[in-house]
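Everything below belongs to start_17.cif, which stores mmCIF, C-alpha atoms.
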```cif
data_run
loop_
_atom_site.label_atom_id
_atom_site.label_comp_id
_atom_site.auth_asym_id
_atom_site.auth_seq_id
_atom_site.Cartn_x
_atom_site.Cartn_y
_atom_site.Cartn_z
CA MET Z 1 26.44 8.22 27.55
CA LYS Z 2 25.78 10.20 30.71
CA PHE Z 3 28.10 10.39 33.72
CA ARG Z 4 26.76 8.53 36.73
CA PHE Z 5 28.53 8.63 40.08
CA ARG Z 6 27.82 5.37 41.87
CA LEU Z 7 28.48 6.91 45.29
CA GLU Z 8 25.93 9.71 44.80
CA PRO Z 9 23.64 8.35 47.58
CA VAL Z 10 26.61 8.35 49.96
CA LEU Z 11 27.48 11.90 48.93
CA GLY Z 12 23.87 12.96 49.54
CA HIS Z 13 23.92 11.30 52.95
CA ARG Z 14 27.15 13.06 53.88
CA ALA Z 15 25.72 16.39 52.72
CA ARG Z 16 22.66 15.81 54.93
CA ILE Z 17 24.90 14.96 57.87
CA GLU Z 18 26.88 18.15 57.26
CA GLY Z 19 23.63 20.13 57.19
CA GLU Z 20 22.54 18.57 60.48
CA ARG Z 21 25.91 19.34 62.04
CA ALA Z 22 25.73 22.93 60.78
CA GLY Z 23 22.32 23.31 62.43
CA GLU Z 24 23.64 21.79 65.63
CA HIS Z 25 26.62 24.18 65.58
CA ALA Z 26 24.31 27.14 64.99
CA ARG Z 27 22.17 26.13 67.99
CA MET Z 28 25.29 25.82 70.16
CA VAL Z 29 26.50 29.25 69.07
CA ALA Z 30 23.07 30.70 69.88
CA ASP Z 31 23.15 29.04 73.32
CA GLN Z 32 26.63 30.43 73.90
CA LEU Z 33 25.47 33.94 72.99
CA VAL Z 34 22.54 33.66 75.39
CA ALA Z 35 24.87 32.46 78.15
CA GLN Z 36 27.24 35.36 77.44
CA ARG Z 37 24.34 37.83 77.65
CA VAL Z 38 23.29 36.34 80.99
CA VAL Z 39 26.81 36.79 82.36
CA ASP Z 40 26.98 40.34 81.03
CA ASP Z 41 23.55 41.23 82.46
CA ILE Z 42 24.40 39.92 85.93
CA ARG Z 43 27.74 41.75 85.90
CA VAL Z 44 26.02 44.99 84.93
CA LYS Z 45 23.48 44.56 87.75
CA ARG Z 46 26.28 43.87 90.22
CA ASP Z 47 28.36 46.83 89.05
CA VAL Z 48 25.40 49.20 89.18
CA LEU Z 49 24.52 48.04 92.70
CA ARG Z 50 28.15 48.39 93.84
CA GLU Z 51 28.36 51.91 92.46
CA ARG Z 52 25.09 52.80 94.19
CA LEU Z 53 26.35 51.28 97.43
CA VAL Z 54 29.60 53.28 97.28
CA ARG Z 55 27.79 56.46 96.34
CA GLU Z 56 24.93 56.24 98.85
CA HIS Z 57 26.54 54.15 101.60
CA ALA Z 58 26.13 56.81 104.28
CA GLU Z 59 22.43 57.24 103.50
CA PHE Z 60 21.52 53.54 103.87
CA ASP Z 61 20.21 52.18 107.15
CA ALA Z 62 21.64 48.96 108.61
CA GLU Z 63 18.93 46.70 107.16
CA THR Z 64 19.36 48.17 103.65
CA LEU Z 65 23.14 47.79 103.90
CA ARG Z 66 22.79 44.19 105.04
CA SER Z 67 20.32 43.31 102.26
CA THR Z 68 22.46 45.11 99.66
CA TYR Z 69 25.59 43.21 100.68
CA THR Z 70 23.61 39.96 100.72
CA HIS Z 71 22.30 40.69 97.23
CA LEU Z 72 25.83 41.50 96.03
CA ASP Z 73 27.00 38.12 97.39
CA TYR Z 74 24.10 36.48 95.55
CA LEU Z 75 25.06 38.27 92.31
CA ASP Z 76 28.70 37.18 92.72
CA ARG Z 77 27.58 33.54 93.11
CA ALA Z 78 25.24 33.94 90.13
CA ILE Z 79 28.14 35.26 88.06
CA VAL Z 80 30.25 32.23 88.97
CA ALA Z 81 27.40 29.89 87.98
CA ALA Z 82 26.72 31.83 84.77
CA VAL Z 83 30.41 31.78 83.83
CA GLN Z 84 30.50 28.01 84.41
CA ARG Z 85 27.44 27.67 82.15
CA LEU Z 86 29.15 29.90 79.56
CA ASP Z 87 32.32 27.78 79.71
CA ALA Z 88 30.23 24.64 79.18
CA CYS Z 89 28.52 26.30 76.20
CA ILE Z 90 31.88 27.30 74.73
CA ALA Z 91 33.12 23.71 75.07
CA GLU Z 92 29.93 22.36 73.44
CA THR Z 93 30.22 24.88 70.64
CA GLU Z 94 33.79 23.81 70.00
CA ARG Z 95 32.81 20.13 69.93
CA ALA Z 96 29.98 20.94 67.52
CA ARG Z 97 32.38 22.94 65.34
CA LEU Z 98 34.79 20.01 65.20
CA ARG Z 99 31.95 17.64 64.25
CA LEU Z 100 30.91 20.09 61.52
CA VAL Z 101 34.49 20.30 60.20
CA ASP Z 102 34.69 16.48 60.12
CA ALA Z 103 31.38 16.22 58.26
CA ALA Z 104 32.44 18.89 55.77
CA ARG Z 105 35.74 17.10 55.19
CA ASP Z 106 33.95 13.77 54.64
CA ARG Z 107 31.62 15.37 52.09
CA LYS Z 108 34.47 17.21 50.38
CA VAL Z 109 36.43 13.96 49.97
CA LEU Z 110 33.53 12.41 48.09
CA GLU Z 111 32.97 15.55 46.02
CA THR Z 112 36.63 15.52 45.03
CA LEU Z 113 36.35 11.84 44.10
CA LYS Z 114 33.22 12.60 42.07
CA GLU Z 115 34.97 15.43 40.24
CA ARG Z 116 37.97 13.25 39.41
CA ARG Z 117 35.77 10.45 38.17
CA ARG Z 118 33.78 12.95 36.07
CA GLU Z 119 37.04 14.24 34.55
CA THR Z 120 38.13 10.68 33.82
CA PHE Z 121 34.74 9.90 32.29
CA GLN Z 122 34.89 13.00 30.11
CA LEU Z 123 38.43 12.18 29.00
CA ASP Z 124 37.43 8.59 28.18
CA ALA Z 125 34.37 9.85 26.30
CA ALA Z 126 36.50 12.32 24.34
CA LEU Z 127 39.00 9.58 23.49
CA ALA Z 128 36.18 7.26 22.38
CA ASP Z 129 34.73 10.04 20.20
CA GLN Z 130 38.18 10.68 18.72
CA ARG Z 131 38.66 6.96 17.98
CA GLU Z 132 35.26 6.84 16.29
CA LEU Z 133 36.10 9.89 14.19
CA ASP Z 134 39.45 8.35 13.29
CA ASP Z 135 37.70 5.13 12.24
CA GLN Z 136 35.21 7.07 10.11
CA ASN Z 137 38.00 9.04 8.50
CA ALA Z 138 39.97 5.85 7.84
CA ARG Z 139 36.92 4.24 6.18
CA LEU Z 140 36.31 7.34 4.07
CA PHE Z 141 39.97 7.39 3.07
CA ASP Z 142 39.87 3.69 2.18
CA ARG Z 143 36.73 4.26 0.08
CA ALA Z 144 38.31 7.22 -1.65
CA GLN Z 145 41.45 5.16 -2.36
CA ALA Z 146 39.37 2.28 -3.60
CA TYR Z 147 37.34 4.62 -5.83
CA GLU Z 148 40.50 6.19 -7.26
CA GLY Z 149 41.86 2.75 -8.01
CA PHE Z 150 38.63 1.73 -9.74
CA SER Z 151 38.60 2.44 -13.50
CA PRO Z 152 35.52 1.58 -15.55
#
```
For this file, produce the structure as structure tokens.
Amino acid sequence: MKFRFRLEPVLGHRARIEGERAGEHARMVADQLVAQRVVDDIRVKRDVLRERLVREHAEFDAETLRSTYTHLDYLDRAIVAAVQRLDACIAETERARLRLVDAARDRKVLETLKERRRETFQLDAALADQRELDDQNARLFDRAQAYEGFSP
């Protein structure tokens, strides 16, 4: 007799859900990394422009100074927006991670149940085999006893 786990379709479904959640989590992590790179890139641009402004301030004319300060203000606002986007990505990634952990736990519960039922099945099968062997041995013993008691 072969072991058959009646909840195998449910286990397969939970494994598929876990796979979907893992893919979703991976996409969220990728989005978070992109958002982090955007923040880093804008900060680098701002820092480079600030250094240039400090270094070459005396050489700039009034219009260049005005446009440089305006662009720095724009970069500061862009950083704030990019950081907000990054924070939203981090929150989404965390929610996706929690959904993945839940899905993995749900699958693991069924896998543990399957393993325990397999162990029980194997134990029952071993006991049934042992009982059958005991019955065969008892019959052989009875035949041997009956043969010894038979005198022609």
Give one line per residue of segment 39-108 of chain Z that approaches segment 23-31 of chain Z to at most 10 Å, naming the two atoms of the closest pair and their distance in Å to one decimal, counting only C-alpha atoms; sort by chain then ascending residue number and deliver it as a Markdown table.
```
| residue | atom | partner | partner_atom | distance |
| --- | --- | --- | --- | --- |
| Z:Arg85 | CA | Z:Asp31 | CA | 9.9 |
| Z:Leu86 | CA | Z:Asp31 | CA | 8.7 |
| Z:Cys89 | CA | Z:Asp31 | CA | 6.7 |
| Z:Ile90 | CA | Z:Val29 | CA | 8.0 |
| Z:Ala91 | CA | Z:Met28 | CA | 9.5 |
| Z:Glu92 | CA | Z:Met28 | CA | 6.7 |
| Z:Thr93 | CA | Z:Met28 | CA | 5.0 |
| Z:Glu94 | CA | Z:His25 | CA | 8.4 |
| Z:Arg95 | CA | Z:His25 | CA | 8.6 |
| Z:Ala96 | CA | Z:His25 | CA | 5.1 |
| Z:Arg97 | CA | Z:His25 | CA | 5.9 |
| Z:Leu98 | CA | Z:His25 | CA | 9.2 |
| Z:Arg99 | CA | Z:His25 | CA | 8.5 |
| Z:Leu100 | CA | Z:His25 | CA | 7.2 |
```
task = Tell me which protein, DNA and RNA residues are within 9 Å of Asp40 of chain Z, counting only C-alpha atoms, leaving out same-chain ones fewer than 5 positions away, and put them as a PyMOL selection string.
result = chain Z and resi 35+45+79
query = What separation in Å, quoted to one decimal, exists between atom CA of Glu18 of chain Z and atom CA of Arg6 of chain Z?
reply = 20.0 Å
task = Excluding Ile17 of chain Z and any residue of its chain fewer than 6 positions from it, enumerate the residues within 9 Å of it, using all atoms listed in the file, and give them as a list in words.
result =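 These residues fall inside the cut-off: Leu100, Ala103, Ala104 and Arg107 of chain Z.
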request  = Give me the residues within 12 Å of Glu8 of chain Z as a list of chain:residue names, counting all atoms listed in the file and dropping any in the same chain fewer than 2 places off.
outcome  = Z:Phe3, Z:Arg4, Z:Phe5, Z:Arg6, Z:Val10, Z:Leu11, Z:Gly12, Z:His13, Z:Arg14, Z:Ala15, Z:Arg107, Z:Leu110, Z:Glu111, Z:Leu113, Z:Lys114, Z:Glu115, Z:Arg117
Atom pair atom CA of Gln84 of chain Z / atom CA of Val39 of chain Z: separation (Å) = 9.7 Å
task = May I ask for the distance between atom CA of Ala78 of chain Z and atom CA of Arg46 of chain Z, given in Å to one decimal place?
result =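 These atoms are spaced 10.0 Å apart.
Closest approach to Val80 of chain Z among Z:Arg43, Z:Asn137, Z:Asp102, Z:Met1 is made by Z:Arg43 (distances from only C-alpha atoms).
Nearest-residue note for Val38 of chain Z: choosing from Z:Gly19, Z:Ala58, Z:Leu75, Z:Leu65, the minimum distance belongs to Z:Leu75, counting all atoms listed in the file.
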inquiry  = Which residues would end up in the selection if the PyMOL selection byres ((chain Z and resi 68) around 12) were applied here, given that I need the answer as JSON, numbers by chain?
reply    = {"Z": [45, 46, 48, 49, 50, 51, 52, 53, 54, 56, 57, 60, 61, 62, 63, 64, 65, 66, 67, 69, 70, 71, 72, 73, 74, 75]}
